[in-house]
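Data block below; observations after.
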Amino acid sequence: MNLEEIEIPLSTKALYKLLGEERIMAYYFKEEVNLRKKYRNPFRKDSQPGCCFKWTTTGNLYFVDYAMANGYYSPLDIAMLATGYTYPDILTKIESDFNLINLKFEDKNKLVLEAEIIEPPEVIPADIKIRIMPFTDKDLAYWGQFGISASILDYYNIKRIDRAWINNVMWYMNDNEDPCYRYKEKDKFKLYKPLGNKKFKFRSSLYGGILEGYTQLPLRGTKLVITKGLKDVMTLHSAGINAVAVRSENTPMSENAYEILKSRFDKLYLWFDADDAGINGARKMSERYNIPFLQHDAELGKDPSDIYRDHGKEKFTQLCKLLTII
């Protein structure tokens, strides 16, 4: 459609074309858009950064926060949250904020020609290289509090790291006060520093819908728990429960992964963290795939491994029986 035929206010599509989705998103979110960064949601009480920005395969940008009702928020949605305007008044507000409202159509045509076209960037997994070392007694004591023995660490191919390089830059050197461990799924790595700063706790070359713990699953089984982290997978394994983990509440399981798991296990369950992000993420995945999701009292702990650590094997096993996964 010729822009000269568009009436003021411009449509959402025209505004995106003129300004770019990333520019609008960054303006009202008040931060630059970085696909590799985790964010706090400024539109709700949010103490831990767990939200992210994602481009879809159709070329649309979204702010992703499963602790909120909709989960995915477009630049227009963020603009409405930031300003209090509703549709369609928000369109006029955006025009005003970007000094478009009084421009003539020929000027807008010129702006379209001069505007930077922002393509959804390709996310290239980090190149991770490591040197491993034996577990120390302190390492085994750390994992043991979650019910994870040396044999389980070996079964899931967890290694203690001596050195790690990311994109050929030294990222970690051995520190017994800040140990680092390697997870591996297929040929991809995740680095985990459980005692470190939360901003730097994980670094990963995992991407897309890779499921952690998938390699260790039996070919067939009665029950399977889908949880949020490999540590939880290993704690569940210690209780004799088959489990696999999605990368996060913000990385839903793919249709293909669901079909494979459904064909191999009689019953699937979701068990995520007992916080808003975990509950909402589990609820959305449950609605999408018709998988029952399990909930526990948040006072017991955030997740399965924390419950085991804080209350011991017996109470953890009792809870699993109550949830009918044993």
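By order of appearance in the structure tokens: chains A, B, ..., then residues from 1 within every chain, and ligands from 1 in the order shown.
Once Ser149 of chain A and its same-chain neighbours fewer than 6 positions away are set aside, Phe135, Asp137, Asp139, Leu140, Ala141, Tyr142, Trp143, Tyr155, Tyr156, Ile158, Lys231, Met234, Thr235, His237, Ser238 and Ala239 of chain A remain within 12 Å of it when counting only C-alpha atoms.
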* To do: Output as a ChimeraX atom specification all residues of segment 174-300 of chain A that backbone DSSP marks as strand (DSSP E or B).
  => /A:181-185,188-192,202-204,212,221-227,243-245,265-270,293
Restricting it to N, CA and C atoms, dump the selection as an mmCIF file, in the first residue's frame.
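What landed in part-v2.cif:
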data_model
loop_
_atom_site.group_PDB
_atom_site.id
_atom_site.type_symbol
_atom_site.label_atom_id
_atom_site.label_comp_id
_atom_site.auth_asym_id
_atom_site.auth_seq_id
_atom_site.Cartn_x
_atom_site.Cartn_y
_atom_site.Cartn_z
ATOM 1 N N TYR A 181 31.137 -26.068 36.764
ATOM 2 C CA TYR A 181 30.861 -27.419 36.287
ATOM 3 C C TYR A 181 30.359 -27.372 34.844
ATOM 4 N N ARG A 182 30.619 -28.461 34.137
ATOM 5 C CA ARG A 182 30.191 -28.547 32.756
ATOM 6 C C ARG A 182 29.032 -29.519 32.611
ATOM 7 N N TYR A 183 27.928 -29.040 32.017
ATOM 8 C CA TYR A 183 26.864 -29.905 31.548
ATOM 9 C C TYR A 183 27.097 -30.135 30.057
ATOM 10 N N LYS A 184 26.660 -31.268 29.554
ATOM 11 C CA LYS A 184 26.813 -31.538 28.128
ATOM 12 C C LYS A 184 25.567 -32.227 27.595
ATOM 13 N N GLU A 185 25.060 -31.739 26.478
ATOM 14 C CA GLU A 185 23.946 -32.375 25.778
ATOM 15 C C GLU A 185 24.302 -32.413 24.302
ATOM 16 N N LYS A 188 26.976 -29.937 22.740
ATOM 17 C CA LYS A 188 26.880 -28.582 23.272
ATOM 18 C C LYS A 188 27.133 -28.576 24.776
ATOM 19 N N PHE A 189 27.686 -27.446 25.255
ATOM 20 C CA PHE A 189 28.039 -27.312 26.663
ATOM 21 C C PHE A 189 27.194 -26.240 27.352
ATOM 22 N N LYS A 190 27.024 -26.429 28.658
ATOM 23 C CA LYS A 190 26.557 -25.358 29.542
ATOM 24 C C LYS A 190 27.521 -25.305 30.719
ATOM 25 N N LEU A 191 27.985 -24.112 31.055
ATOM 26 C CA LEU A 191 28.855 -23.918 32.207
ATOM 27 C C LEU A 191 28.024 -23.405 33.372
ATOM 28 N N TYR A 192 28.228 -23.991 34.545
ATOM 29 C CA TYR A 192 27.399 -23.691 35.710
ATOM 30 C C TYR A 192 28.293 -23.366 36.902
ATOM 31 N N PHE A 202 25.450 -18.971 34.616
ATOM 32 C CA PHE A 202 25.402 -19.872 33.476
ATOM 33 C C PHE A 202 26.018 -19.225 32.246
ATOM 34 N N ARG A 203 26.719 -20.014 31.461
ATOM 35 C CA ARG A 203 27.098 -19.672 30.101
ATOM 36 C C ARG A 203 26.872 -20.918 29.265
ATOM 37 N N SER A 204 26.345 -20.753 28.060
ATOM 38 C CA SER A 204 25.869 -21.930 27.357
ATOM 39 C C SER A 204 26.078 -21.836 25.857
ATOM 40 N N GLU A 212 17.699 -30.915 28.359
ATOM 41 C CA GLU A 212 18.795 -31.389 29.199
ATOM 42 C C GLU A 212 18.390 -32.688 29.882
ATOM 43 N N GLY A 221 9.140 -45.787 29.134
ATOM 44 C CA GLY A 221 8.900 -45.616 30.556
ATOM 45 C C GLY A 221 7.442 -45.333 30.851
ATOM 46 N N THR A 222 7.084 -45.447 32.128
ATOM 47 C CA THR A 222 5.696 -45.196 32.529
ATOM 48 C C THR A 222 5.459 -43.710 32.747
ATOM 49 N N LYS A 223 6.351 -43.063 33.519
ATOM 50 C CA LYS A 223 6.162 -41.653 33.865
ATOM 51 C C LYS A 223 7.417 -40.854 33.552
ATOM 52 N N LEU A 224 7.205 -39.606 33.139
ATOM 53 C CA LEU A 224 8.315 -38.690 32.872
ATOM 54 C C LEU A 224 7.956 -37.306 33.398
ATOM 55 N N VAL A 225 8.852 -36.728 34.171
ATOM 56 C CA VAL A 225 8.676 -35.361 34.670
ATOM 57 C C VAL A 225 9.512 -34.414 33.812
ATOM 58 N N ILE A 226 8.870 -33.354 33.333
ATOM 59 C CA ILE A 226 9.559 -32.304 32.588
ATOM 60 C C ILE A 226 9.754 -31.143 33.558
ATOM 61 N N THR A 227 10.989 -30.821 33.855
ATOM 62 C CA THR A 227 11.285 -29.798 34.841
ATOM 63 C C THR A 227 12.140 -28.697 34.209
ATOM 64 N N ALA A 243 13.282 -38.004 34.273
ATOM 65 C CA ALA A 243 13.051 -36.561 34.139
ATOM 66 C C ALA A 243 13.924 -35.986 33.029
ATOM 67 N N VAL A 244 13.468 -34.869 32.504
ATOM 68 C CA VAL A 244 14.195 -34.121 31.486
ATOM 69 C C VAL A 244 13.884 -32.650 31.734
ATOM 70 N N ALA A 245 14.747 -31.759 31.255
ATOM 71 C CA ALA A 245 14.556 -30.328 31.553
ATOM 72 C C ALA A 245 14.548 -29.492 30.287
ATOM 73 N N PHE A 265 6.822 -42.371 26.698
ATOM 74 C CA PHE A 265 6.367 -42.465 28.091
ATOM 75 C C PHE A 265 4.841 -42.411 28.144
ATOM 76 N N ASP A 266 4.285 -43.208 29.053
ATOM 77 C CA ASP A 266 2.829 -43.292 29.152
ATOM 78 C C ASP A 266 2.217 -42.002 29.698
ATOM 79 N N LYS A 267 2.891 -41.383 30.679
ATOM 80 C CA LYS A 267 2.357 -40.175 31.305
ATOM 81 C C LYS A 267 3.448 -39.125 31.431
ATOM 82 N N LEU A 268 3.126 -37.901 31.054
ATOM 83 C CA LEU A 268 4.043 -36.773 31.186
ATOM 84 C C LEU A 268 3.516 -35.817 32.253
ATOM 85 N N TYR A 269 4.437 -35.220 33.012
ATOM 86 C CA TYR A 269 4.087 -34.236 34.032
ATOM 87 C C TYR A 269 5.036 -33.043 33.907
ATOM 88 N N LEU A 270 4.551 -31.872 34.273
ATOM 89 C CA LEU A 270 5.384 -30.666 34.347
ATOM 90 C C LEU A 270 5.591 -30.304 35.809
ATOM 91 N N PHE A 293 0.326 -30.170 35.253
ATOM 92 C CA PHE A 293 1.492 -29.581 35.915
ATOM 93 C C PHE A 293 1.355 -29.687 37.422
#
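Here atom CA of Ile78 of chain A stands at a distance of 9.1 Å from atom CA of Tyr62 of chain A.
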* Asked: Could you pull out the helix (DSSP H, G or I) residues of segment 63-194 of chain A from DSSP and send them as a PyMOL selection string?
  -> chain A and resi 75-83+89-97+105-114+137-144+150-155
* Asked: Which neighbours of Asn280 of chain A fall inside 8 Å, counting only C-alpha atoms, when residues of the same chain fewer than 5 positions from it are skipped, and could you give them as a ChimeraX atom specification?
  -> /A:66-69
* Residues near Ile326 of chain A, cut-off 10 Å, only C-alpha atoms, skip fewer than 6 positions along chain, as a PyMOL selection string -> chain A and resi 223+239-242+317-320
